[in-house]
Each structure stands twice: as structure tokens, then as C-alpha cells.
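Content type mmCIF, C-alpha atoms, from the file query.cif:
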data_final
loop_
_atom_site.label_atom_id
_atom_site.label_comp_id
_atom_site.auth_asym_id
_atom_site.auth_seq_id
_atom_site.Cartn_x
_atom_site.Cartn_y
_atom_site.Cartn_z
CA MET A 1 30.66 -25.10 7.06
CA ASN A 2 28.27 -27.82 5.94
CA GLY A 3 29.28 -30.17 3.16
CA ASN A 4 32.82 -28.87 2.59
CA PRO A 5 35.40 -31.48 3.71
CA SER A 6 38.10 -28.82 4.00
CA LYS A 7 36.05 -27.15 6.73
CA ILE A 8 35.13 -30.28 8.68
CA GLU A 9 36.34 -29.74 12.24
CA ILE A 10 36.92 -31.90 15.29
CA PHE A 11 37.41 -29.57 18.24
CA ALA A 12 34.60 -27.13 17.38
CA PRO A 13 31.80 -29.75 17.49
CA PHE A 14 33.45 -31.29 20.56
CA GLY A 15 33.16 -27.97 22.40
CA ALA A 16 29.60 -27.43 21.17
CA ALA A 17 28.70 -30.93 22.36
CA TYR A 18 29.97 -30.05 25.82
CA GLU A 19 27.68 -27.03 25.99
CA TRP A 20 24.76 -29.14 24.74
CA MET A 21 25.44 -31.75 27.45
CA LYS A 22 25.45 -29.08 30.17
CA GLY A 23 22.13 -27.74 28.94
CA MET A 24 20.60 -31.22 28.91
CA LEU A 25 21.74 -32.44 32.31
CA PHE A 26 22.48 -29.42 34.48
CA ARG A 27 20.20 -26.57 33.35
CA PRO A 28 18.31 -27.35 35.43
CA PHE A 29 19.44 -30.49 37.22
CA ASP A 30 16.61 -33.01 37.61
CA VAL A 31 17.20 -36.43 39.15
CA ALA A 32 14.22 -38.09 37.43
CA ARG A 33 15.25 -36.66 34.07
CA TRP A 34 18.84 -37.79 34.65
CA LEU A 35 17.78 -41.37 35.47
CA THR A 36 15.46 -41.52 32.44
CA ILE A 37 18.14 -40.37 30.01
CA ALA A 38 20.57 -42.79 31.65
CA PHE A 39 18.08 -45.61 31.09
CA ALA A 40 17.82 -44.63 27.42
CA ALA A 41 21.62 -44.68 27.19
CA PHE A 42 21.65 -48.07 28.90
CA LEU A 43 19.14 -49.45 26.39
CA ALA A 44 21.37 -48.15 23.60
CA GLY A 45 24.20 -50.32 24.88
CA ASN A 46 26.11 -47.55 26.65
CA ILE A 47 26.90 -49.63 29.69
CA GLY A 48 29.42 -47.11 30.91
CA GLY A 49 32.70 -48.27 32.37
CA GLY A 50 33.59 -51.65 33.67
CA GLY A 51 36.56 -50.39 35.59
CA GLY A 52 38.54 -53.54 34.99
CA LYS A 53 38.77 -56.66 37.08
CA PHE A 54 39.93 -56.21 40.63
CA THR A 55 39.93 -59.87 41.59
CA ARG A 56 42.68 -62.31 40.72
CA LEU A 57 41.68 -65.80 39.75
CA GLY A 58 43.55 -68.42 41.66
CA ARG A 59 44.56 -71.79 40.46
CA LEU A 60 41.65 -73.75 39.10
CA GLY A 61 42.11 -76.98 40.99
CA ASN A 62 45.16 -79.16 40.91
CA GLY A 63 45.20 -79.69 37.16
CA ASN A 64 43.05 -82.85 37.16
CA TRP A 65 40.21 -81.97 34.77
CA GLY A 66 38.80 -85.43 34.10
CA TYR A 67 41.77 -86.40 31.94
CA SER A 68 45.51 -86.52 32.29
CA SER A 69 48.09 -86.04 29.59
CA THR A 70 51.17 -88.19 29.34
CA ARG A 71 54.54 -87.01 28.22
CA TYR A 72 53.74 -88.33 24.75
CA GLY A 73 50.73 -86.09 24.34
CA ASP A 74 48.10 -88.84 24.65
CA PHE A 75 44.78 -88.13 26.38
CA GLN A 76 42.57 -90.47 28.33
CA SER A 77 39.23 -91.16 26.76
CA ASP A 78 37.29 -91.92 29.94
CA TRP A 79 35.84 -88.50 30.59
CA ASN A 80 32.71 -90.03 32.17
CA ILE A 81 30.48 -87.05 31.41
CA GLU A 82 26.88 -87.71 32.38
CA PRO A 83 24.23 -87.14 29.69
CA TRP A 84 22.38 -84.67 31.91
CA VAL A 85 25.54 -82.54 32.10
CA ILE A 86 25.72 -82.36 28.31
CA ALA A 87 22.01 -81.54 28.14
CA GLY A 88 22.46 -78.82 30.77
CA ILE A 89 25.32 -77.27 28.82
CA VAL A 90 23.27 -77.26 25.62
CA VAL A 91 20.29 -75.68 27.39
CA ALA A 92 22.52 -73.05 29.03
CA VAL A 93 24.06 -72.15 25.65
CA LEU A 94 20.62 -71.87 24.02
CA ILE A 95 19.34 -69.68 26.88
CA GLY A 96 22.43 -67.48 26.64
CA LEU A 97 21.97 -67.15 22.89
CA ALA A 98 18.29 -66.24 23.32
CA ILE A 99 19.17 -63.58 25.92
CA ALA A 100 21.87 -62.17 23.63
CA LEU A 101 19.41 -61.92 20.72
CA ILE A 102 16.77 -60.26 22.90
CA TRP A 103 19.30 -57.75 24.18
CA MET A 104 20.51 -57.05 20.64
CA TRP A 105 16.91 -56.34 19.60
CA VAL A 106 16.29 -54.07 22.60
CA SER A 107 19.60 -52.29 22.07
CA SER A 108 18.75 -51.68 18.40
CA ARG A 109 15.61 -49.82 19.49
CA GLY A 110 17.49 -48.18 22.34
CA ARG A 111 19.96 -46.53 19.99
CA PHE A 112 17.13 -44.55 18.42
CA ILE A 113 15.63 -43.75 21.82
CA PHE A 114 18.89 -42.32 23.13
CA THR A 115 19.50 -40.42 19.89
CA ASP A 116 16.02 -38.92 20.18
CA CYS A 117 16.70 -37.86 23.78
CA VAL A 118 19.92 -36.09 22.83
CA VAL A 119 18.53 -34.45 19.70
CA LYS A 120 15.29 -33.21 21.26
CA ASN A 121 16.84 -32.47 24.66
CA LYS A 122 14.21 -34.46 26.48
CA ALA A 123 13.80 -37.57 28.61
CA ALA A 124 11.39 -40.03 27.00
CA ILE A 125 11.32 -43.80 26.51
CA LYS A 126 7.86 -44.97 25.39
CA GLU A 127 7.24 -42.45 22.61
CA PRO A 128 10.50 -42.99 20.66
CA TRP A 129 10.26 -46.75 21.34
CA ARG A 130 7.04 -46.84 19.32
CA GLU A 131 8.02 -44.16 16.81
CA PHE A 132 11.23 -45.83 15.65
CA ARG A 133 10.00 -49.41 15.68
CA ARG A 134 10.55 -49.87 11.93
CA GLU A 135 14.05 -48.41 11.95
CA GLY A 136 15.04 -50.30 15.11
CA ASN A 137 13.89 -53.64 13.72
CA SER A 138 15.73 -52.97 10.47
CA TYR A 139 18.92 -52.18 12.36
CA PHE A 140 18.49 -55.38 14.41
CA LEU A 141 18.12 -57.59 11.31
CA PHE A 142 21.09 -55.87 9.71
CA SER A 143 23.15 -56.49 12.85
CA LEU A 144 22.25 -60.19 12.73
CA VAL A 145 23.43 -60.45 9.13
CA VAL A 146 26.66 -58.64 9.99
CA ALA A 147 27.22 -60.85 13.04
CA ALA A 148 26.80 -63.95 10.87
CA GLY A 149 29.21 -62.48 8.34
CA MET A 150 31.76 -61.75 11.07
CA ILE A 151 31.53 -65.32 12.34
CA PHE A 152 32.01 -66.61 8.80
CA LEU A 153 34.99 -64.29 8.31
CA LEU A 154 36.48 -65.48 11.60
CA GLY A 155 36.04 -69.09 10.51
CA ILE A 156 37.76 -68.41 7.19
CA THR A 157 40.58 -66.62 9.01
CA LEU A 158 41.12 -69.52 11.40
CA LEU A 159 40.98 -71.99 8.52
CA ILE A 160 43.59 -70.07 6.54
CA ALA A 161 45.82 -69.95 9.60
CA TRP A 162 45.25 -73.61 10.49
CA LEU A 163 45.99 -75.21 7.11
CA PRO A 164 49.64 -74.08 6.92
CA LEU A 165 50.02 -74.77 10.63
CA SER A 166 48.81 -78.35 10.21
CA VAL A 167 51.34 -78.85 7.42
CA LEU A 168 54.02 -77.32 9.59
CA MET A 169 53.24 -79.67 12.46
CA GLY A 170 52.92 -82.76 10.30
CA ASN A 171 55.91 -82.40 8.00
CA ARG A 172 59.14 -81.66 9.84
CA ASP A 173 61.18 -81.48 6.65
CA SER A 174 59.15 -78.52 5.31
CA ARG A 175 59.14 -76.45 8.50
CA GLU A 176 61.91 -74.09 7.48
CA ALA A 177 60.36 -73.51 4.05
CA ILE A 178 56.87 -72.84 5.43
CA VAL A 179 57.47 -70.82 8.59
CA ILE A 180 58.12 -67.48 6.84
CA PRO A 181 55.14 -67.71 4.43
CA LEU A 182 53.00 -68.76 7.39
CA ILE A 183 53.97 -65.68 9.37
CA VAL A 184 53.42 -63.38 6.39
CA LEU A 185 50.05 -64.95 5.60
CA SER A 186 48.91 -64.73 9.23
CA VAL A 187 49.88 -61.06 9.47
CA ILE A 188 48.06 -60.24 6.22
CA VAL A 189 44.92 -62.10 7.29
CA VAL A 190 44.89 -60.44 10.72
CA LEU A 191 45.42 -56.96 9.26
CA ILE A 192 42.63 -57.44 6.70
CA SER A 193 40.26 -58.76 9.36
CA LEU A 194 41.04 -55.90 11.74
CA GLY A 195 40.67 -53.37 8.94
CA LEU A 196 37.26 -54.71 7.95
CA ALA A 197 36.11 -54.84 11.57
CA LEU A 198 37.28 -51.27 12.25
CA PHE A 199 35.65 -49.98 9.08
CA PHE A 200 32.32 -51.60 9.95
CA VAL A 201 32.45 -50.24 13.50
CA LEU A 202 33.02 -46.76 12.06
CA VAL A 203 30.15 -47.13 9.59
CA ALA A 204 27.84 -48.49 12.30
CA GLN A 205 28.61 -45.41 14.43
CA PHE A 206 26.84 -43.17 11.91
CA MET A 207 24.14 -45.49 10.58
CA VAL A 208 21.64 -44.74 13.33
CA PRO A 209 21.88 -40.92 12.93
CA VAL A 210 21.34 -41.29 9.17
CA MET A 211 18.36 -43.62 9.71
CA TYR A 212 17.01 -41.20 12.32
CA ARG A 213 17.37 -38.22 9.98
CA ARG A 214 15.86 -39.84 6.86
CA ARG A 215 13.67 -42.54 8.43
CA CYS A 216 15.26 -45.05 6.06
CA LEU A 217 16.20 -48.71 6.48
CA ALA A 218 19.60 -50.03 7.54
CA GLN A 219 20.77 -51.11 4.10
CA GLU A 220 20.29 -47.63 2.64
CA ALA A 221 22.03 -46.04 5.61
CA PHE A 222 24.94 -48.47 5.38
CA LEU A 223 25.53 -47.71 1.70
CA ASP A 224 25.21 -43.97 2.25
CA VAL A 225 27.62 -43.84 5.21
CA THR A 226 30.09 -46.08 3.37
CA LYS A 227 30.11 -43.68 0.40
CA LEU A 228 30.45 -40.71 2.74
CA ILE A 229 33.48 -42.20 4.51
CA LEU A 230 35.19 -43.31 1.30
CA GLY A 231 34.58 -39.88 -0.21
CA ASN A 232 35.94 -38.03 2.83
CA PRO A 233 38.61 -40.27 4.38
CA GLY A 234 40.60 -37.46 6.01
CA PRO A 235 37.98 -36.14 8.45
CA PHE A 236 36.93 -39.65 9.44
CA ILE A 237 40.52 -40.74 10.07
CA LEU A 238 40.87 -37.74 12.38
CA PHE A 239 37.58 -38.70 14.03
CA VAL A 240 38.86 -42.24 14.65
CA LEU A 241 42.19 -41.04 16.06
CA PHE A 242 40.46 -38.50 18.28
CA GLY A 243 37.98 -41.19 19.35
CA ILE A 244 40.81 -43.53 20.38
CA GLY A 245 42.21 -40.82 22.61
CA LEU A 246 38.77 -40.18 24.09
CA ALA A 247 38.29 -43.91 24.70
CA ILE A 248 41.51 -44.03 26.71
CA VAL A 249 40.43 -41.04 28.80
CA VAL A 250 36.94 -42.49 29.37
CA GLY A 251 38.49 -45.82 30.37
CA VAL A 252 40.65 -44.12 32.97
CA ILE A 253 37.64 -42.16 34.29
CA ALA A 254 35.59 -45.37 34.46
CA MET A 255 38.31 -47.11 36.47
CA LEU A 256 38.51 -44.17 38.88
CA VAL A 257 34.74 -44.16 39.33
CA THR A 258 34.76 -47.90 39.96
CA CYS A 259 37.50 -47.56 42.57
CA ILE A 260 35.88 -44.57 44.32
CA THR A 261 32.51 -46.35 44.54
CA CYS A 262 34.07 -49.63 45.76
CA CYS A 263 33.15 -51.42 42.51
CA ILE A 264 29.50 -50.38 42.77
CA GLY A 265 30.06 -48.16 39.75
CA ALA A 266 30.96 -51.22 37.68
CA PHE A 267 27.36 -52.47 37.63
CA PRO A 268 25.76 -51.87 34.20
CA TYR A 269 22.98 -49.35 34.81
CA ILE A 270 24.73 -47.70 37.76
CA SER A 271 27.84 -47.09 35.67
CA THR A 272 25.68 -45.46 33.00
CA VAL A 273 24.10 -43.17 35.59
CA LEU A 274 27.48 -42.12 36.98
CA LEU A 275 29.07 -41.58 33.56
CA LEU A 276 26.02 -40.04 31.88
CA PRO A 277 27.62 -36.60 31.25
CA VAL A 278 30.47 -38.26 29.35
CA ILE A 279 28.08 -40.52 27.41
CA VAL A 280 25.80 -37.63 26.40
CA TRP A 281 28.80 -35.46 25.55
CA LEU A 282 30.27 -38.07 23.19
CA MET A 283 26.90 -38.78 21.60
CA ALA A 284 26.30 -35.10 20.90
CA PHE A 285 29.84 -34.81 19.54
CA LYS A 286 29.20 -37.61 17.03
CA LEU A 287 25.94 -36.03 15.87
CA LEU A 288 27.52 -32.58 15.52
CA PHE A 289 30.51 -33.97 13.65
CA LEU A 290 28.22 -35.73 11.16
CA ARG A 291 26.08 -32.60 10.80
CA GLN A 292 28.97 -30.78 9.16
CA PHE A 293 28.65 -32.91 6.00
CA GLY A 294 25.39 -31.36 4.92
CA ASP A 295 21.76 -30.85 5.74
CA GLN A 296 20.92 -34.46 4.86
CA TYR A 297 23.06 -35.51 7.85
CA ASP A 298 21.64 -32.97 10.29
CA VAL A 299 19.54 -34.89 12.82
CA TRP A 300 18.20 -31.66 14.27
CA ALA A 301 16.70 -30.72 10.90
CA ALA A 302 14.40 -33.74 11.11
CA THR A 303 12.79 -32.51 14.35
CA GLY A 304 12.69 -28.76 13.99
CA THR A 305 14.65 -28.45 17.24
CA ALA A 306 17.20 -25.65 17.38
CA ALA A 307 20.61 -27.20 16.86
CA PRO A 308 23.65 -26.17 18.90
CA ALA A 309 25.87 -23.65 17.15
CA ILE A 310 29.34 -24.78 16.11
CA GLU A 311 31.88 -21.99 16.41
CA PRO A 312 34.99 -22.47 14.23
CA SER A 313 38.02 -23.35 16.32
CA SER A 314 40.16 -20.91 14.33
CA ASN A 315 39.65 -18.30 11.68
CA PRO A 316 40.92 -19.13 8.19
CA PRO A 317 43.89 -17.12 7.02
CA ALA A 318 43.12 -14.04 4.96
#
Take the structure from the file and write it as C-alpha cells.
Amino acid sequence: MNGNPSKIEIFAPFGAAYEWMKGMLFRPFDVARWLTIAFAAFLAGNIGGGGGKFTRLGRLGNGNWGYSSTRYGDFQSDWNIEPWVIAGIVVAVLIGLAIALIWMWVSSRGRFIFTDCVVKNKAAIKEPWREFRREGNSYFLFSLVVAAGMIFLLGITLLIAWLPLSVLMGNRDSREAIVIPLIVLSVIVVLISLGLALFFVLVAQFMVPVMYRRRCLAQEAFLDVTKLILGNPGPFILFVLFGIGLAIVVGVIAMLVTCITCCIGAFPYISTVLLLPVIVWLMAFKLLFLRQFGDQYDVWAATGTAAPAIEPSSNPPA
């Protein structure tokens, strides 16, 4: 069934991924192996479930935040913020940014580590960390460029939305003439932004498997996956719709786990340990789905490991 879009299936690789997950984690069951694979999944950014917030924030003070607004919309200018407070805020932001960049770099390597664990059916951290250094660094740099592009796109979106809004607020006579174009423009901008974000998320889902299979850099993988999706929109639309349903189910499971464990299951690594079967199952499903598009997308072919068999969900009509 490889390479033929008419034969690309959803449920068949999903069932094969379930069998692969059982073989990895339960045949036999090994606590040390489980924790190692969970750590690889954690490094890949698979935090697991958050379970939602179970605390309700109360009122934040009595409304006096260093300034008071009058009925005319004027603000006091005597904030009296100490210089050391401003310096502390700047330092905290820089530290937070540095931590975010470090985690992004580690997660970029971790994606290849977790992929290697699932493909080779093994629990290893150090070996794939060194082996996929080049690919992981390339994915990290690519992610930085994309993040900068997303921030730029967000800025442009806000600017487009703000310019008509400023005119609307400043010129009362033109409000009726501008309100409808403003709404239309805002809806168009939001839809375009969401469409671009969703498309990139979908492409990013398959970039790491392609880089893993071909040992190529992120730019090549991005172009290849983009062409693959644009050339086969039907199967990928089904994949997205099926993934949305799975995300809802996983979210419900994560909330239940968090409640049952008295919120202990909401902690990052612990949640990954508890939800590891689901995480491995979904990872294997993605790899098996991509494998149907041809040998050049078969991650198992790059390792010589026997790949799980995908049984057709139904026989074609005679």
C-alpha cells in the first residue's frame, strides 16, 4: 500500500501502532525501561497531560494597582516604581528567555531520541543524543527562525487590526462606515493566521521522521513534507481530523489521571510516565501513517529493524 494515496489508511496504522506499543512497554514489562522511554518522551516535549487548573484565582487585591482611573479615562502618572524593580523584571525576563531557548534546544534533540526509541524498540538516551546531534541542532535553528517568523506575523496581524480600530475610536463620524470592513478584515486576518499556524504544525509533525529517515537537514525536510502534504491533501486532512478527536480523548484521560492522583499526575515528568502508553501509541501511529507514502518515508527502513505490519482495515471491492 506504499505510495498510493488511494490506499492510505487511518485505522489500520492506528491498530498496528497499538500492537507496537504493547510490544514495547508490556512484553515484557520493565520499570527501568519504562522510565527511560518516558524520559526520552519528556525530552521530546511530550509533557503528558496537565489535567486543567483545579484552583480558582480570587480577587487580586482591591483594585489599587499603583494607579487609579477616573471616570474620564485619565491615569495617574506617579507609579513610583523603584529602579531595582525594573532591573529585576528585566533580569527575570532574560533568565526566562534563556531557559526557554535551552529547553527548545534540548527538546529538538529529544524528538530524535524518542523517535529512535520507538523505531528501534529500545530504551536509550546517550547514544541517540550523540548520533542525531547534527539533525537536532538543525531542527533547533529552524524552530528559532519559525518562532521569529510567527512573532513577526503576530505583530503584522495586530497592526492590521489596530489601524482600523484606532480610526474607529478617533473618528466618531466614520464608525458606521468602518465597523463592517473592520470585522471582515479581522476575520480574514485571523483565518489566514490560524491556517498558516495549523499548516506549519502539521508539517512540523512529520519533519523529524523525514530527517531521521534520510539524515537530512531541517530545510530539506520542510520542503519535502510541504510538497507531500500539498500533493496528498485528502489523507492529511483525515489525519488532522482524526488527530483532533484523539486530542480530545487524551485530554479527558489526562484530566482523569490528574484527578485520580490528586494532581500529582499533573507534574511534567510524572504525567509522561503515567501516560506513556498513549504517548508511544500516538508516536507509532504517526510513523506508520507516514510510512504508507513510500519507502523514502519508512523510518524502519533506515535502521533495518522489522517494521510492524499494517493490515488493511477492509478489503477492496472486487
Q.
Running the PyMOL selection byres ((chain A and resi 109-121) around 7) on this model by hand, what would come out? Give it as a list in words.
A. Met24, Ile37, Ala40, Ala41, Leu43, Ala44, Trp105, Val106, Ser107, Ser108, Lys122, Ala123, Ala124, Ile125, Pro128, Trp129, Phe132, Arg133, Gly136, Val208, Tyr212, Ala284, Val299, Trp300 and Thr305 of chain A
Kindly save the residues from that selection, with C-alpha atoms included, as a PDB file, keeping the file's coordinate frame.
ATOM      1  CA  MET A  24      20.600 -31.220  28.910  1.00  0.00           C
ATOM      2  CA  ILE A  37      18.140 -40.370  30.010  1.00  0.00           C
ATOM      3  CA  ALA A  40      17.820 -44.630  27.420  1.00  0.00           C
ATOM      4  CA  ALA A  41      21.620 -44.680  27.190  1.00  0.00           C
ATOM      5  CA  LEU A  43      19.140 -49.450  26.390  1.00  0.00           C
ATOM      6  CA  ALA A  44      21.370 -48.150  23.600  1.00  0.00           C
ATOM      7  CA  TRP A 105      16.910 -56.340  19.600  1.00  0.00           C
ATOM      8  CA  VAL A 106      16.290 -54.070  22.600  1.00  0.00           C
ATOM      9  CA  SER A 107      19.600 -52.290  22.070  1.00  0.00           C
ATOM     10  CA  SER A 108      18.750 -51.680  18.400  1.00  0.00           C
ATOM     11  CA  LYS A 122      14.210 -34.460  26.480  1.00  0.00           C
ATOM     12  CA  ALA A 123      13.800 -37.570  28.610  1.00  0.00           C
ATOM     13  CA  ALA A 124      11.390 -40.030  27.000  1.00  0.00           C
ATOM     14  CA  ILE A 125      11.320 -43.800  26.510  1.00  0.00           C
ATOM     15  CA  PRO A 128      10.500 -42.990  20.660  1.00  0.00           C
ATOM     16  CA  TRP A 129      10.260 -46.750  21.340  1.00  0.00           C
ATOM     17  CA  PHE A 132      11.230 -45.830  15.650  1.00  0.00           C
ATOM     18  CA  ARG A 133      10.000 -49.410  15.680  1.00  0.00           C
ATOM     19  CA  GLY A 136      15.040 -50.300  15.110  1.00  0.00           C
ATOM     20  CA  VAL A 208      21.640 -44.740  13.330  1.00  0.00           C
ATOM     21  CA  TYR A 212      17.010 -41.200  12.320  1.00  0.00           C
ATOM     22  CA  ALA A 284      26.300 -35.100  20.900  1.00  0.00           C
ATOM     23  CA  VAL A 299      19.540 -34.890  12.820  1.00  0.00           C
ATOM     24  CA  TRP A 300      18.200 -31.660  14.270  1.00  0.00           C
ATOM     25  CA  THR A 305      14.650 -28.450  17.240  1.00  0.00           C
TER      26      THR A 305
END
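Between Leu35 of chain A and the candidates A:Ala254, A:Leu282, A:Leu276, A:Ala12, the tightest atom-to-atom separation, counting only C-alpha atoms, involves A:Leu276.
Taking only C-alpha atoms, the non-local environment of Asp224 of chain A within 12 Å (same-chain residues fewer than 6 positions away omitted) comprises Val203, Ala204, Phe206, Met207, Val208, Pro209, Val210, Met211, Arg214, Cys216, Leu217, Ala218, Leu230, Gly231, Gln296 and Tyr297 of chain A.
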Q.
What would the selection look like, as a PyMOL selection string, if the PyMOL selection byres ((chain A and resi 190-198) around 12) were run on the coordinates I just shared?
A. chain A and resi 146-147+149-158+160-161+183-189+199-205+236-237+240-241+244
(Q) Report, in Å to a single decimal, how far apart atom CA of Ala307 of chain A and atom CA of Tyr18 of chain A are. (A) 13.3 Å
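Comparing the minimum interatomic distances between Arg213 of chain A and each of A:Pro181, A:Gly304, A:Leu159, A:Ala247, counting all atoms listed in the file, we find that A:Gly304 sits nearest.
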Q: Could you jot down the atom CA of Pro13 of chain A to atom CA of Trp281 of chain A separation for me, Å, one decimal place?
A: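 Between atom CA of Pro13 of chain A and atom CA of Trp281 of chain A the gap works out to 10.3 Å.
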(Q) So the first atom is atom CA of Ile229 of chain A and the second is atom CA of Phe293 of chain A; what is the distance between them in Å, to one decimal place? (A)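 Going from atom CA of Ile229 of chain A over to atom CA of Phe293 of chain A covers 10.6 Å.
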**Q.** Pick from A:Pro235, A:Gly265, A:Gly96, A:Gly294 nearest to Phe11 of chain A, counting all atoms listed in the file
**A.**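 Checking each of A:Pro235, A:Gly265, A:Gly96, A:Gly294 against Phe11 of chain A, counting all atoms listed in the file, the winner is A:Pro235.
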Q | For Val250 of chain A: contacts at 9 Å, all atoms listed in the file, fewer than 2 positions along chain excluded, given as a PyMOL selection string | A | chain A and resi 48-49+245-248+252-255+275+278
Q: Run the PyMOL selection byres ((chain A and resi 270) around 12) against the file shown and list the residues it catches, as a PyMOL selection string.
A: chain A and resi 34-35+38-39+41-42+46-50+254+257-258+261+263-269+271-276
What would the file be for segment 283-310 of chain A if you keep N, CA and C atoms and write it as a CSV table (one decimal), in the first residue's frame?
chain,number,residue,atom,x,y,z
A,283,MET,N,2.8,8.2,18.8
A,283,MET,CA,4.0,8.4,18.1
A,283,MET,C,4.1,7.3,17.0
A,284,ALA,N,3.9,6.0,17.4
A,284,ALA,CA,4.0,4.9,16.4
A,284,ALA,C,2.9,5.1,15.3
A,285,PHE,N,1.8,5.6,15.7
A,285,PHE,CA,0.7,5.8,14.7
A,285,PHE,C,1.2,6.8,13.7
A,286,LYS,N,1.8,7.9,14.1
A,286,LYS,CA,2.3,8.9,13.2
A,286,LYS,C,3.3,8.3,12.2
A,287,LEU,N,4.2,7.6,12.8
A,287,LEU,CA,5.3,7.0,11.9
A,287,LEU,C,4.7,6.0,10.9
A,288,LEU,N,3.8,5.2,11.4
A,288,LEU,CA,3.2,4.2,10.5
A,288,LEU,C,2.3,4.8,9.4
A,289,PHE,N,1.6,5.9,9.8
A,289,PHE,CA,0.8,6.7,8.8
A,289,PHE,C,1.8,7.2,7.7
A,290,LEU,N,2.9,7.8,8.1
A,290,LEU,CA,3.8,8.4,7.1
A,290,LEU,C,4.4,7.3,6.3
A,291,ARG,N,4.6,6.2,6.8
A,291,ARG,CA,5.3,5.0,6.1
A,291,ARG,C,4.5,4.6,4.9
A,292,GLN,N,3.2,4.9,4.9
A,292,GLN,CA,2.4,4.4,3.8
A,292,GLN,C,2.7,5.2,2.5
A,293,PHE,N,3.4,6.3,2.5
A,293,PHE,CA,3.6,7.1,1.4
A,293,PHE,C,4.9,6.7,0.6
A,294,GLY,N,5.5,5.7,1.0
A,294,GLY,CA,6.7,5.2,0.2
A,294,GLY,C,7.9,4.9,1.1
A,295,ASP,N,8.8,4.1,0.5
A,295,ASP,CA,10.0,3.7,1.2
A,295,ASP,C,10.8,4.8,1.8
A,296,GLN,N,10.8,6.0,1.1
A,296,GLN,CA,11.6,7.1,1.5
A,296,GLN,C,11.1,7.7,2.8
A,297,TYR,N,9.9,7.3,3.2
A,297,TYR,CA,9.3,7.8,4.4
A,297,TYR,C,9.2,6.8,5.5
A,298,ASP,N,9.8,5.6,5.3
A,298,ASP,CA,9.8,4.5,6.2
A,298,ASP,C,10.9,4.6,7.1
A,299,VAL,N,10.7,5.0,8.4
A,299,VAL,CA,11.8,5.2,9.4
A,299,VAL,C,12.4,3.9,9.7
A,300,TRP,N,11.6,2.8,9.6
A,300,TRP,CA,12.2,1.5,10.0
A,300,TRP,C,13.2,1.0,8.9
A,301,ALA,N,13.1,1.5,7.7
A,301,ALA,CA,14.0,1.1,6.6
A,301,ALA,C,15.4,1.6,6.9
A,302,ALA,N,15.5,2.7,7.7
A,302,ALA,CA,16.8,3.3,7.9
A,302,ALA,C,17.6,2.6,9.0
A,303,THR,N,16.9,1.7,9.7
A,303,THR,CA,17.6,1.0,10.8
A,303,THR,C,17.7,-0.5,10.6
A,304,GLY,N,17.0,-1.0,9.7
A,304,GLY,CA,17.0,-2.5,9.5
A,304,GLY,C,16.1,-3.2,10.4
A,305,THR,N,15.4,-2.5,11.3
A,305,THR,CA,14.5,-3.1,12.3
A,305,THR,C,13.2,-3.5,11.6
A,306,ALA,N,12.7,-4.7,12.0
A,306,ALA,CA,11.5,-5.2,11.4
A,306,ALA,C,10.4,-4.3,11.7
A,307,ALA,N,9.7,-3.7,10.7
A,307,ALA,CA,8.6,-2.8,11.0
A,307,ALA,C,7.3,-3.6,11.3
A,308,PRO,N,6.4,-2.9,12.0
A,308,PRO,CA,5.1,-3.6,12.3
A,308,PRO,C,4.3,-3.7,11.0
A,309,ALA,N,3.6,-4.8,10.9
A,309,ALA,CA,2.7,-5.0,9.7
A,309,ALA,C,1.5,-4.2,9.8
A,310,ILE,N,1.0,-3.6,8.7
A,310,ILE,CA,-0.2,-2.9,8.7
A,310,ILE,C,-1.2,-3.7,7.9
